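In what follows, a structure is listed as structure tokens, so that the remarks can point back to it.
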Amino acid sequence: MASWELPEATCLAAGEGDAHAVTAWVDEGGGVDARSAEQDDMTMLMSAAFGGQEAAVRMLLQRGASVNVQNPFGSTALMGAAASGHTTIVQALLDAKADASLQASGNKTALMWAEQHKHPAIAQLLRQHAKRQAAEAEARAAVTSTPLLVAVREELPQAMYLAANKGDAQAVAAWLDEGGCMDVRSP
């Protein structure tokens with residue numbers, strides 16, 4: 001059997017928290033992201049997340065499991081944990097950079113699954129995560145549109161690049177006051 005063909009028994013073992021079976025599979029060369037055809041192409045991470053097996057989830061993440069793998073229906077480990085009410089697993093997956101905006105069939109996100117299955121604490125956690133991500137994106141956008149960074153994009157001399165990159169408005173202003181111009185290309 002090829003390493004990407006996860007045996008059904010091993011997939012189910014991950015959902016039951018059988019660390020021995022999971023570790024044995026991975027240590028014997030089985031892929032950490034292998035899929036079980038008999039279990040709708042679920043990975044061990046998906047199975048452990050759906051099954052509420054936090055230790056198995058953390059172990060698989062440490063071993064490099066891909067957190068955003070989707071099965072043919074679009075479901076992810078995050079969606080399974082959210083729908084099943086496993087708050088600590090949802091947090092662990094978010095910490096591992098799970099994409100909460102991914103959609104399964106019917107355009108359902110992890111937040112929608114949490115709400116549908118009446119898990120308000122998880123829904124709130126996912127909303128807070130979305131707000132943080134939006135605020136971080138907004139902050140990054142604001143930083144990339146300051147006059148100093150606009151100057152950087154115009155390929156100014158190295159000294160100006162460094163001053164702008166450090167946020168040294170005084171140095172940039174002094175350079176401009178000395179006759180430096182914005183359309184100079186860096187050497």
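Every chain in the structure tokens takes a letter, A first, then B, and so on in the order presented; its residues are numbered from 1, and the ligands are numbered from 1 following the presented order.
Residues within 12 Å of A:Ala121, counting only C-alpha atoms and excluding same-chain residues fewer than 3 positions away, are Ala82, Ala83, Gly85, His86, Thr87, Thr88, Val90, Gln91, Leu111, Ala114, Glu115, His117, Lys118, Gln124, Leu125, Leu126, Arg127 and Gln128 of chain A.
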Save the residues we just selected, N, CA, C and O atoms, as a tab-separated table (two decimals), in the first residue's frame?
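Final file, out05.tsv:
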```
chain	number	residue	atom	x	y	z
A	82	ALA	N	-14.79	22.46	14.97
A	82	ALA	CA	-15.80	23.49	15.25
A	82	ALA	C	-17.19	22.87	15.33
A	82	ALA	O	-17.96	23.18	16.25
A	83	ALA	N	-17.51	22.01	14.39
A	83	ALA	CA	-18.83	21.38	14.35
A	83	ALA	C	-19.03	20.43	15.53
A	83	ALA	O	-20.14	20.27	16.04
A	85	GLY	N	-17.59	20.75	18.53
A	85	GLY	CA	-17.53	21.43	19.82
A	85	GLY	C	-16.22	21.30	20.57
A	85	GLY	O	-16.20	21.40	21.79
A	86	HIS	N	-15.13	21.13	19.88
A	86	HIS	CA	-13.82	20.94	20.52
A	86	HIS	C	-13.03	22.25	20.53
A	86	HIS	O	-12.17	22.49	19.68
A	87	THR	N	-13.31	23.08	21.52
A	87	THR	CA	-12.75	24.43	21.59
A	87	THR	C	-11.23	24.45	21.61
A	87	THR	O	-10.60	25.23	20.88
A	88	THR	N	-10.62	23.62	22.44
A	88	THR	CA	-9.15	23.65	22.53
A	88	THR	C	-8.49	23.19	21.23
A	88	THR	O	-7.40	23.66	20.89
A	90	VAL	N	-9.89	23.67	18.22
A	90	VAL	CA	-10.07	24.81	17.32
A	90	VAL	C	-8.94	25.80	17.55
A	90	VAL	O	-8.31	26.27	16.60
A	91	GLN	N	-8.65	26.11	18.82
A	91	GLN	CA	-7.59	27.06	19.12
A	91	GLN	C	-6.23	26.54	18.65
A	91	GLN	O	-5.45	27.30	18.08
A	111	LEU	N	-16.92	28.73	11.10
A	111	LEU	CA	-17.85	29.53	11.91
A	111	LEU	C	-19.29	29.09	11.68
A	111	LEU	O	-20.05	28.91	12.65
A	114	ALA	N	-19.88	25.83	13.47
A	114	ALA	CA	-20.00	26.03	14.92
A	114	ALA	C	-21.38	26.58	15.27
A	114	ALA	O	-22.01	26.12	16.23
A	115	GLU	N	-21.85	27.53	14.50
A	115	GLU	CA	-23.17	28.12	14.77
A	115	GLU	C	-24.28	27.10	14.54
A	115	GLU	O	-25.21	26.99	15.33
A	117	HIS	N	-24.18	23.92	14.79
A	117	HIS	CA	-24.19	22.88	15.81
A	117	HIS	C	-24.24	23.44	17.23
A	117	HIS	O	-24.00	22.72	18.19
A	118	LYS	N	-24.55	24.73	17.30
A	118	LYS	CA	-24.79	25.41	18.58
A	118	LYS	C	-23.60	25.34	19.54
A	118	LYS	O	-23.73	24.92	20.68
A	124	GLN	N	-17.64	32.34	18.83
A	124	GLN	CA	-17.02	33.58	19.31
A	124	GLN	C	-15.50	33.56	19.09
A	124	GLN	O	-14.92	34.55	18.67
A	125	LEU	N	-14.88	32.44	19.37
A	125	LEU	CA	-13.44	32.29	19.14
A	125	LEU	C	-13.10	32.54	17.67
A	125	LEU	O	-12.15	33.26	17.36
A	126	LEU	N	-13.89	31.98	16.78
A	126	LEU	CA	-13.65	32.15	15.34
A	126	LEU	C	-13.91	33.60	14.91
A	126	LEU	O	-13.18	34.13	14.07
A	127	ARG	N	-14.91	34.24	15.48
A	127	ARG	CA	-15.16	35.66	15.17
A	127	ARG	C	-13.99	36.52	15.64
A	127	ARG	O	-13.55	37.43	14.92
A	128	GLN	N	-13.51	36.27	16.85
A	128	GLN	CA	-12.37	37.03	17.37
A	128	GLN	C	-11.13	36.82	16.49
A	128	GLN	O	-10.39	37.76	16.22
```
- Message: I want to know what sits within 7 Å of A:Cys11, based on only C-alpha atoms, with residues of the same chain fewer than 3 positions away left out; could you give that as a ChimeraX atom specification?
- Response: /A:6-8,14-15,36,43-44,47
- Message: I'd like the contact shell of A:Asn68 - 8 Å cut-off, only C-alpha atoms, skipping same-chain residues fewer than 5 positions apart - returned as a PyMOL selection string.
- Response: chain A and resi 76-77+98-99
Could the residues in this selection be written to a file with N, CA and C atoms, as a PDB file, in the first residue's frame?
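This is the output file result-v8.pdb:
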```
ATOM      1  N   THR A  76     -12.440  20.543   6.495  1.00  0.00           N
ATOM      2  CA  THR A  76     -11.091  20.613   7.052  1.00  0.00           C
ATOM      3  C   THR A  76     -11.127  20.136   8.504  1.00  0.00           C
ATOM      4  N   ALA A  77      -9.957  19.985   9.071  1.00  0.00           N
ATOM      5  CA  ALA A  77      -9.864  19.622  10.492  1.00  0.00           C
ATOM      6  C   ALA A  77     -10.521  20.707  11.353  1.00  0.00           C
ATOM      7  N   ALA A  98      -4.503  27.552  10.715  1.00  0.00           N
ATOM      8  CA  ALA A  98      -5.650  27.040   9.955  1.00  0.00           C
ATOM      9  C   ALA A  98      -6.386  28.224   9.341  1.00  0.00           C
ATOM     10  N   ASP A  99      -6.832  28.049   8.123  1.00  0.00           N
ATOM     11  CA  ASP A  99      -7.552  29.091   7.399  1.00  0.00           C
ATOM     12  C   ASP A  99      -9.044  28.954   7.692  1.00  0.00           C
TER      13      ASP A  99
END
```
- Message: Please report the interatomic distance between atom CA of A:Ser101 and atom CA of A:Arg63 in Å with one decimal.
- Response: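 The value is 24.1 Å.
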- Query: So, counting only C-alpha atoms, which residue among A:Ala37, A:Met46, A:Met79, A:Ala19 is closest to A:Met112?
  - Reply: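 Of A:Ala37, A:Met46, A:Met79, A:Ala19, the one nearest A:Met112, counting only C-alpha atoms, is A:Met79.
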- Message: Please extract the residues of stretch 6-187 of chain A with a backbone DSSP assignment of alpha helix (DSSP H) and present them as an NGL selection string.
- Response: :A and (8-15 or 19-27 or 44-50 or 54-62 or 77-84 or 87-95 or 110-116 or 120-144 or 147-153 or 158-166 or 169-177)
- Message: Just want the 8 Å neighbourhood of A:Gly80, counted on only C-alpha atoms, with same-chain residues fewer than 6 positions away dropped. Output as a PyMOL selection string.
- Response: chain A and resi 46+49-50+110
Keeping only C-alpha atoms, write the selected residues as an mmCIF file, in the first residue's frame.
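That gives us out22.cif:
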```
data_model
loop_
_atom_site.group_PDB
_atom_site.id
_atom_site.type_symbol
_atom_site.label_atom_id
_atom_site.label_comp_id
_atom_site.auth_asym_id
_atom_site.auth_seq_id
_atom_site.Cartn_x
_atom_site.Cartn_y
_atom_site.Cartn_z
ATOM 1 C CA MET A 46 -9.140 15.570 10.377
ATOM 2 C CA ALA A 49 -9.980 16.883 15.245
ATOM 3 C CA PHE A 50 -13.469 15.495 14.588
ATOM 4 C CA ALA A 110 -15.879 26.663 10.330
#
```
